[in-house]
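Q: Contents of start.pdb (PDB, C-alpha atoms) are below:
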```pdb
ATOM      1  CA  MET A   7       0.000   0.000   0.000
ATOM      2  CA  TYR A   8       1.267   3.456  -0.883
ATOM      3  CA  VAL A   9      -0.027   6.685   0.653
ATOM      4  CA  SER A  10       1.099  10.040  -0.770
ATOM      5  CA  VAL A  11       1.284  12.991   1.632
ATOM      6  CA  ILE A  12       1.320  16.346  -0.145
ATOM      7  CA  PHE A  13       2.065  19.785   1.294
ATOM      8  CA  LEU A  14       0.966  23.033  -0.382
ATOM      9  CA  ASN A  15       3.128  26.140   0.145
ATOM     10  CA  THR A  16       0.537  28.795   1.047
ATOM     11  CA  SER A  17       3.095  31.460   1.949
ATOM     12  CA  LYS A  18       4.074  34.292  -0.385
ATOM     13  CA  THR A  19       7.695  33.128  -0.401
ATOM     14  CA  ASP A  20       9.535  30.032  -1.519
ATOM     15  CA  CYS A  21      10.447  27.425   1.074
ATOM     16  CA  SER A  22      13.110  24.766   1.138
ATOM     17  CA  LEU A  23      12.634  21.177   2.342
ATOM     18  CA  VAL A  24      15.124  18.346   2.651
ATOM     19  CA  GLY A  25      15.318  14.866   4.152
ATOM     20  CA  PHE A  26      12.902  12.305   5.511
ATOM     21  CA  PRO A  27       9.797  13.240   7.512
ATOM     22  CA  VAL A  28       9.199  11.520  10.851
ATOM     23  CA  VAL A  29       5.784   9.812  10.969
ATOM     24  CA  THR A  30       3.964   8.657  14.106
ATOM     25  CA  LEU A  31       0.742   6.639  13.830
ATOM     26  CA  TYR A  32      -2.085   6.966  16.386
ATOM     27  CA  ASN A  33      -4.794   4.456  17.321
ATOM     28  CA  VAL A  34      -8.526   5.120  17.660
ATOM     29  CA  LYS A  35      -8.039   6.278  21.279
ATOM     30  CA  GLY A  36      -5.490   8.893  20.192
ATOM     31  CA  PHE A  37      -2.451   7.121  21.616
ATOM     32  CA  PRO A  38       0.786   6.606  19.647
ATOM     33  CA  MET A  39       0.926   3.088  18.267
ATOM     34  CA  ASN A  40       3.708   0.671  19.066
ATOM     35  CA  HIS A  41       5.233  -0.171  15.721
ATOM     36  CA  GLU A  42       8.582  -1.005  14.262
ATOM     37  CA  SER A  43      10.888   1.925  13.724
ATOM     38  CA  GLN A  44      10.217   3.918  10.595
ATOM     39  CA  LYS A  45      12.573   2.957   7.789
ATOM     40  CA  ASN A  46      13.736   5.631   5.391
ATOM     41  CA  SER A  47      13.249   4.307   1.895
ATOM     42  CA  PRO A  48      16.381   3.959  -0.250
ATOM     43  CA  TRP A  49      14.562   4.331  -3.589
ATOM     44  CA  ILE A  50      14.209   8.155  -3.396
ATOM     45  CA  LEU A  51      17.420  10.021  -2.593
ATOM     46  CA  SER A  52      17.308  12.852  -0.092
ATOM     47  CA  ARG A  53      17.982  16.223  -1.704
ATOM     48  CA  ARG A  54      16.957  19.799  -1.004
ATOM     49  CA  VAL A  55      13.829  20.864  -2.892
ATOM     50  CA  THR A  56      12.598  24.428  -3.260
ATOM     51  CA  VAL A  57       8.844  24.834  -3.245
ATOM     52  CA  SER A  58       7.579  28.056  -4.787
ATOM     53  CA  SER A  59       4.562  29.923  -3.447
ATOM     54  CA  GLY A  60       1.532  27.862  -4.459
ATOM     55  CA  GLY A  61       3.731  24.848  -5.257
ATOM     56  CA  VAL A  62       3.625  21.388  -3.712
ATOM     57  CA  ALA A  63       6.035  18.818  -2.331
ATOM     58  CA  GLY A  64       5.499  15.600  -0.440
ATOM     59  CA  PHE A  65       6.525  12.077   0.400
ATOM     60  CA  VAL A  66       5.174   8.523   0.203
ATOM     61  CA  ILE A  67       4.522   6.018   2.984
ATOM     62  CA  GLN A  68       4.721   2.336   2.020
ATOM     63  CA  PHE A  69       3.421  -0.500   4.189
ATOM     64  CA  ALA A  70       1.914  -3.977   3.984
ATOM     65  CA  ASP A  71      -1.859  -3.955   4.452
ATOM     66  CA  GLY A  72      -2.299  -7.702   4.745
ATOM     67  CA  GLU A  73      -0.753 -10.270   7.065
ATOM     68  CA  VAL A  74       2.634 -11.439   5.832
ATOM     69  CA  SER A  75       3.166 -15.191   5.910
ATOM     70  CA  GLY A  76       6.386 -16.489   7.370
ATOM     71  CA  VAL A  77       6.951 -13.506   9.637
ATOM     72  CA  ASP A  78       8.295 -14.675  12.975
ATOM     73  CA  PRO A  79       6.425 -14.053  15.162
ATOM     74  CA  PRO A  80       3.322 -13.575  13.015
ATOM     75  CA  GLN A  81       1.952 -10.058  13.338
ATOM     76  CA  GLY A  82      -1.545  -8.984  12.399
ATOM     77  CA  CYS A  83      -2.772  -5.672  11.109
ATOM     78  CA  ARG A  84      -3.406  -2.839  13.549
ATOM     79  CA  GLY A  85      -5.610   0.080  12.598
ATOM     80  CA  ALA A  86      -4.402   3.651  12.849
ATOM     81  CA  THR A  87      -6.876   6.508  12.569
ATOM     82  CA  SER A  88      -4.422   9.375  12.300
ATOM     83  CA  MET A  89      -0.779  10.253  11.866
ATOM     84  CA  GLN A  90       1.554  13.013  12.934
ATOM     85  CA  VAL A  91       4.182  14.244  10.477
ATOM     86  CA  LYS A  92       7.266  16.164  11.533
ATOM     87  CA  LEU A  93       9.108  17.781   8.645
ATOM     88  CA  PRO A  94      12.891  17.715   9.013
ATOM     89  CA  LYS A  95      14.701  21.011   9.571
ATOM     90  CA  VAL A  96      11.480  23.040   9.232
ATOM     91  CA  ARG A  97      10.464  25.338  12.053
ATOM     92  CA  GLN A  98       7.310  27.320  12.665
ATOM     93  CA  TYR A  99       7.271  29.949  15.437
ATOM     94  CA  ASP A 100      10.684  28.593  16.459
ATOM     95  CA  LEU A 101       9.204  25.112  17.068
ATOM     96  CA  PRO A 102       9.521  21.962  14.925
ATOM     97  CA  PHE A 103       6.829  21.856  12.232
ATOM     98  CA  LEU A 104       4.225  19.211  13.113
ATOM     99  CA  THR A 105       0.961  18.471  11.378
ATOM    100  CA  TYR A 106      -1.740  15.853  11.892
ATOM    101  CA  PHE A 107      -3.830  13.967   9.355
ATOM    102  CA  SER A 108      -6.958  11.907  10.003
ATOM    103  CA  VAL A 109      -6.421   8.908   7.782
ATOM    104  CA  PRO A 110      -7.350   5.259   8.264
ATOM    105  CA  LEU A 111      -4.288   3.045   7.816
ATOM    106  CA  ALA A 112      -3.752  -0.571   8.790
ATOM    107  CA  PRO A 113      -0.072  -1.461   8.625
ATOM    108  CA  CYS A 114       0.706  -5.120   9.171
ATOM    109  CA  ASP A 115       3.879  -7.141   9.705
ATOM    110  CA  GLY A 116       4.546  -5.476  13.058
ATOM    111  CA  GLY A 117       3.203  -2.121  11.937
ATOM    112  CA  GLY A 118       6.398  -1.178  10.160
ATOM    113  CA  PHE A 119       6.458   1.223   7.227
ATOM    114  CA  GLU A 120       8.880   3.017   4.933
ATOM    115  CA  VAL A 121       8.926   6.721   4.133
ATOM    116  CA  THR A 122      10.507   8.343   1.084
ATOM    117  CA  ALA A 123      12.484  11.550   1.201
ATOM    118  CA  ILE A 124      10.659  14.807   0.453
ATOM    119  CA  GLN A 125      10.076  15.173  -3.311
ATOM    120  CA  LYS A 126       9.219  18.282  -5.321
ATOM    121  CA  GLY A 127       5.750  18.168  -6.861
ATOM    122  CA  GLU A 128       3.400  15.254  -6.298
ATOM    123  CA  PRO A 129       5.478  12.432  -4.793
ATOM    124  CA  LEU A 130       5.913   9.082  -6.529
ATOM    125  CA  PRO A 131       6.349   5.709  -4.838
TER
END
```
Take the structure from the file and write it as structure tokens.
A:
Amino acid sequence: MYVSVIFLNTSKTDCSLVGFPVVTLYNVKGFPMNHESQKNSPWILSRRVTVSSGGVAGFVIQFADGEVSGVDPPQGCRGATSMQVKLPKVRQYDLPFLTYFSVPLAPCDGGGFEVTAIQKGEPLP
């Protein structure tokens, strides 16, 4: 399963993004889910992208959405209802930039997932 997360630059100035976002999944009760550590995907290289006013950039989350046979120990799917995204090296009001999305996800195989680096335009898996 691939999920694209897209950010729109609504400011009047260009912004610069680089690196891999940090994603935290939350369960239906609003608590962070126990899952394997996020893996940064090797198929999209990390590079600085400049996003013009009105432009977009984003990243892709990849995860298994069905039980994986042969995993030891077997892990089922666990539903997440939202996620928090922290953009690397981006600050807002002198605090790390965090945003939340309500999105139903059900990562399996221990709840692990991969995240691509930030890409200019609409991100591709």
Q: For atom CA of Pro102 of chain A and atom CA of Gln90 of chain A, determine how far apart the two atoms are, in Å to one decimal place.
A: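 The value is 12.1 Å.
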Q: So which residues get picked by the PyMOL selection byres ((chain A and resi 60) around 9) here, written as a compact mmCIF listing (two decimals) with C-alpha atoms, keeping the file's coordinate frame?
A:
```
# COMPACT_ATOMS: atom_id res chain seq x y z
CA LEU A 14 0.97 23.03 -0.38
CA ASN A 15 3.13 26.14 0.14
CA THR A 16 0.54 28.80 1.05
CA SER A 17 3.10 31.46 1.95
CA LYS A 18 4.07 34.29 -0.38
CA ASP A 20 9.54 30.03 -1.52
CA VAL A 57 8.84 24.83 -3.24
CA SER A 58 7.58 28.06 -4.79
CA SER A 59 4.56 29.92 -3.45
CA GLY A 61 3.73 24.85 -5.26
CA VAL A 62 3.62 21.39 -3.71
```
Q: Could you check how far atom CA of Asn46 of chain A sits from atom CA of Gln125 of chain A, in Å to one decimal?
A: 13.4 Å
Q: So, counting all atoms listed in the file, which residue among A:Gly118, A:Gly85, A:Pro38, A:Pro110 is closest to Phe69 of chain A?
A: A:Gly118
Q: List, as a PDB file with C-alpha atoms, in the frame of the given file, every residue that the PyMOL selection byres ((chain A and resi 128) around 8) selects in the file provided.
A:
```
ATOM      1  CA  SER A  10       1.099  10.040  -0.770  1.00  0.00           C
ATOM      2  CA  ILE A  12       1.320  16.346  -0.145  1.00  0.00           C
ATOM      3  CA  VAL A  62       3.625  21.388  -3.712  1.00  0.00           C
ATOM      4  CA  ALA A  63       6.035  18.818  -2.331  1.00  0.00           C
ATOM      5  CA  GLY A  64       5.499  15.600  -0.440  1.00  0.00           C
ATOM      6  CA  GLN A 125      10.076  15.173  -3.311  1.00  0.00           C
ATOM      7  CA  LYS A 126       9.219  18.282  -5.321  1.00  0.00           C
ATOM      8  CA  GLY A 127       5.750  18.168  -6.861  1.00  0.00           C
ATOM      9  CA  PRO A 129       5.478  12.432  -4.793  1.00  0.00           C
ATOM     10  CA  LEU A 130       5.913   9.082  -6.529  1.00  0.00           C
TER      11      LEU A 130
END
```
Q: Please indicate the distance in Å from atom CA of Phe26 of chain A to atom CA of Thr105 of chain A, rounded to one decimal place.
A: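 Atom-to-atom, atom CA of Phe26 of chain A and atom CA of Thr105 of chain A are spaced 14.7 Å apart.
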Q: Convert the output of the PyMOL selection byres ((chain A and resi 67) around 6) on the shown file into explicit residues, formatted as JSON, numbers by chain.
A: {"A": [8, 9, 66, 68, 120, 121]}
Q: Kindly output segment 83-112 of chain A as a PDB file, in the coordinates of the input, after building N, CA and C atoms.
A:
```
ATOM      1  N   CYS A  83      -2.626  -7.079  11.479  1.00  0.00           N
ATOM      2  CA  CYS A  83      -2.772  -5.672  11.109  1.00  0.00           C
ATOM      3  C   CYS A  83      -3.347  -4.907  12.295  1.00  0.00           C
ATOM      4  N   ARG A  84      -2.888  -3.689  12.485  1.00  0.00           N
ATOM      5  CA  ARG A  84      -3.406  -2.839  13.549  1.00  0.00           C
ATOM      6  C   ARG A  84      -3.834  -1.518  12.936  1.00  0.00           C
ATOM      7  N   GLY A  85      -5.057  -1.116  13.213  1.00  0.00           N
ATOM      8  CA  GLY A  85      -5.610   0.080  12.598  1.00  0.00           C
ATOM      9  C   GLY A  85      -5.138   1.363  13.245  1.00  0.00           C
ATOM     10  N   ALA A  86      -4.720   2.298  12.407  1.00  0.00           N
ATOM     11  CA  ALA A  86      -4.402   3.651  12.849  1.00  0.00           C
ATOM     12  C   ALA A  86      -5.477   4.572  12.279  1.00  0.00           C
ATOM     13  N   THR A  87      -5.861   5.572  13.054  1.00  0.00           N
ATOM     14  CA  THR A  87      -6.876   6.508  12.569  1.00  0.00           C
ATOM     15  C   THR A  87      -6.288   7.853  12.193  1.00  0.00           C
ATOM     16  N   SER A  88      -5.053   8.114  12.651  1.00  0.00           N
ATOM     17  CA  SER A  88      -4.422   9.375  12.300  1.00  0.00           C
ATOM     18  C   SER A  88      -2.911   9.232  12.355  1.00  0.00           C
ATOM     19  N   MET A  89      -2.231  10.243  11.806  1.00  0.00           N
ATOM     20  CA  MET A  89      -0.779  10.253  11.866  1.00  0.00           C
ATOM     21  C   MET A  89      -0.282  11.672  12.078  1.00  0.00           C
ATOM     22  N   GLN A  90       0.861  11.749  12.726  1.00  0.00           N
ATOM     23  CA  GLN A  90       1.554  13.013  12.934  1.00  0.00           C
ATOM     24  C   GLN A  90       2.769  13.001  12.020  1.00  0.00           C
ATOM     25  N   VAL A  91       3.022  14.126  11.350  1.00  0.00           N
ATOM     26  CA  VAL A  91       4.182  14.244  10.477  1.00  0.00           C
ATOM     27  C   VAL A  91       5.032  15.410  10.963  1.00  0.00           C
ATOM     28  N   LYS A  92       6.303  15.119  11.182  1.00  0.00           N
ATOM     29  CA  LYS A  92       7.266  16.164  11.533  1.00  0.00           C
ATOM     30  C   LYS A  92       8.203  16.321  10.344  1.00  0.00           C
ATOM     31  N   LEU A  93       8.222  17.534   9.777  1.00  0.00           N
ATOM     32  CA  LEU A  93       9.108  17.781   8.645  1.00  0.00           C
ATOM     33  C   LEU A  93      10.507  18.101   9.156  1.00  0.00           C
ATOM     34  N   PRO A  94      11.527  17.506   8.539  1.00  0.00           N
ATOM     35  CA  PRO A  94      12.891  17.715   9.013  1.00  0.00           C
ATOM     36  C   PRO A  94      13.367  19.137   8.736  1.00  0.00           C
ATOM     37  N   LYS A  95      14.045  19.711   9.700  1.00  0.00           N
ATOM     38  CA  LYS A  95      14.701  21.011   9.571  1.00  0.00           C
ATOM     39  C   LYS A  95      13.750  22.135   9.180  1.00  0.00           C
ATOM     40  N   VAL A  96      12.460  21.987   9.485  1.00  0.00           N
ATOM     41  CA  VAL A  96      11.480  23.040   9.232  1.00  0.00           C
ATOM     42  C   VAL A  96      10.962  23.493  10.588  1.00  0.00           C
ATOM     43  N   ARG A  97      10.928  24.806  10.785  1.00  0.00           N
ATOM     44  CA  ARG A  97      10.464  25.338  12.053  1.00  0.00           C
ATOM     45  C   ARG A  97       9.344  26.334  11.793  1.00  0.00           C
ATOM     46  N   GLN A  98       8.417  26.384  12.727  1.00  0.00           N
ATOM     47  CA  GLN A  98       7.310  27.320  12.665  1.00  0.00           C
ATOM     48  C   GLN A  98       7.181  27.937  14.051  1.00  0.00           C
ATOM     49  N   TYR A  99       7.281  29.255  14.149  1.00  0.00           N
ATOM     50  CA  TYR A  99       7.271  29.949  15.437  1.00  0.00           C
ATOM     51  C   TYR A  99       8.356  29.400  16.351  1.00  0.00           C
ATOM     52  N   ASP A 100       9.510  29.104  15.758  1.00  0.00           N
ATOM     53  CA  ASP A 100      10.684  28.593  16.459  1.00  0.00           C
ATOM     54  C   ASP A 100      10.468  27.217  17.098  1.00  0.00           C
ATOM     55  N   LEU A 101       9.460  26.479  16.615  1.00  0.00           N
ATOM     56  CA  LEU A 101       9.204  25.112  17.068  1.00  0.00           C
ATOM     57  C   LEU A 101       9.247  24.186  15.857  1.00  0.00           C
ATOM     58  N   PRO A 102       9.556  22.891  16.054  1.00  0.00           N
ATOM     59  CA  PRO A 102       9.521  21.962  14.925  1.00  0.00           C
ATOM     60  C   PRO A 102       8.137  21.952  14.281  1.00  0.00           C
ATOM     61  N   PHE A 103       8.101  21.872  12.951  1.00  0.00           N
ATOM     62  CA  PHE A 103       6.829  21.856  12.232  1.00  0.00           C
ATOM     63  C   PHE A 103       6.188  20.480  12.369  1.00  0.00           C
ATOM     64  N   LEU A 104       4.996  20.445  12.960  1.00  0.00           N
ATOM     65  CA  LEU A 104       4.225  19.211  13.113  1.00  0.00           C
ATOM     66  C   LEU A 104       2.847  19.423  12.501  1.00  0.00           C
ATOM     67  N   THR A 105       2.333  18.406  11.868  1.00  0.00           N
ATOM     68  CA  THR A 105       0.961  18.471  11.378  1.00  0.00           C
ATOM     69  C   THR A 105       0.321  17.103  11.563  1.00  0.00           C
ATOM     70  N   TYR A 106      -0.996  17.098  11.669  1.00  0.00           N
ATOM     71  CA  TYR A 106      -1.740  15.853  11.892  1.00  0.00           C
ATOM     72  C   TYR A 106      -2.716  15.623  10.754  1.00  0.00           C
ATOM     73  N   PHE A 107      -2.881  14.361  10.385  1.00  0.00           N
ATOM     74  CA  PHE A 107      -3.830  13.967   9.355  1.00  0.00           C
ATOM     75  C   PHE A 107      -4.741  12.892   9.926  1.00  0.00           C
ATOM     76  N   SER A 108      -6.034  12.997   9.687  1.00  0.00           N
ATOM     77  CA  SER A 108      -6.958  11.907  10.003  1.00  0.00           C
ATOM     78  C   SER A 108      -7.002  11.015   8.778  1.00  0.00           C
ATOM     79  N   VAL A 109      -6.483   9.822   8.920  1.00  0.00           N
ATOM     80  CA  VAL A 109      -6.421   8.908   7.782  1.00  0.00           C
ATOM     81  C   VAL A 109      -6.428   7.480   8.314  1.00  0.00           C
ATOM     82  N   PRO A 110      -7.338   6.653   7.802  1.00  0.00           N
ATOM     83  CA  PRO A 110      -7.350   5.259   8.264  1.00  0.00           C
ATOM     84  C   PRO A 110      -6.268   4.443   7.559  1.00  0.00           C
ATOM     85  N   LEU A 111      -5.352   3.905   8.331  1.00  0.00           N
ATOM     86  CA  LEU A 111      -4.288   3.045   7.816  1.00  0.00           C
ATOM     87  C   LEU A 111      -4.279   1.776   8.648  1.00  0.00           C
ATOM     88  N   ALA A 112      -3.850   0.682   8.047  1.00  0.00           N
ATOM     89  CA  ALA A 112      -3.752  -0.571   8.790  1.00  0.00           C
ATOM     90  C   ALA A 112      -2.463  -1.286   8.430  1.00  0.00           C
TER      91      ALA A 112
END
```
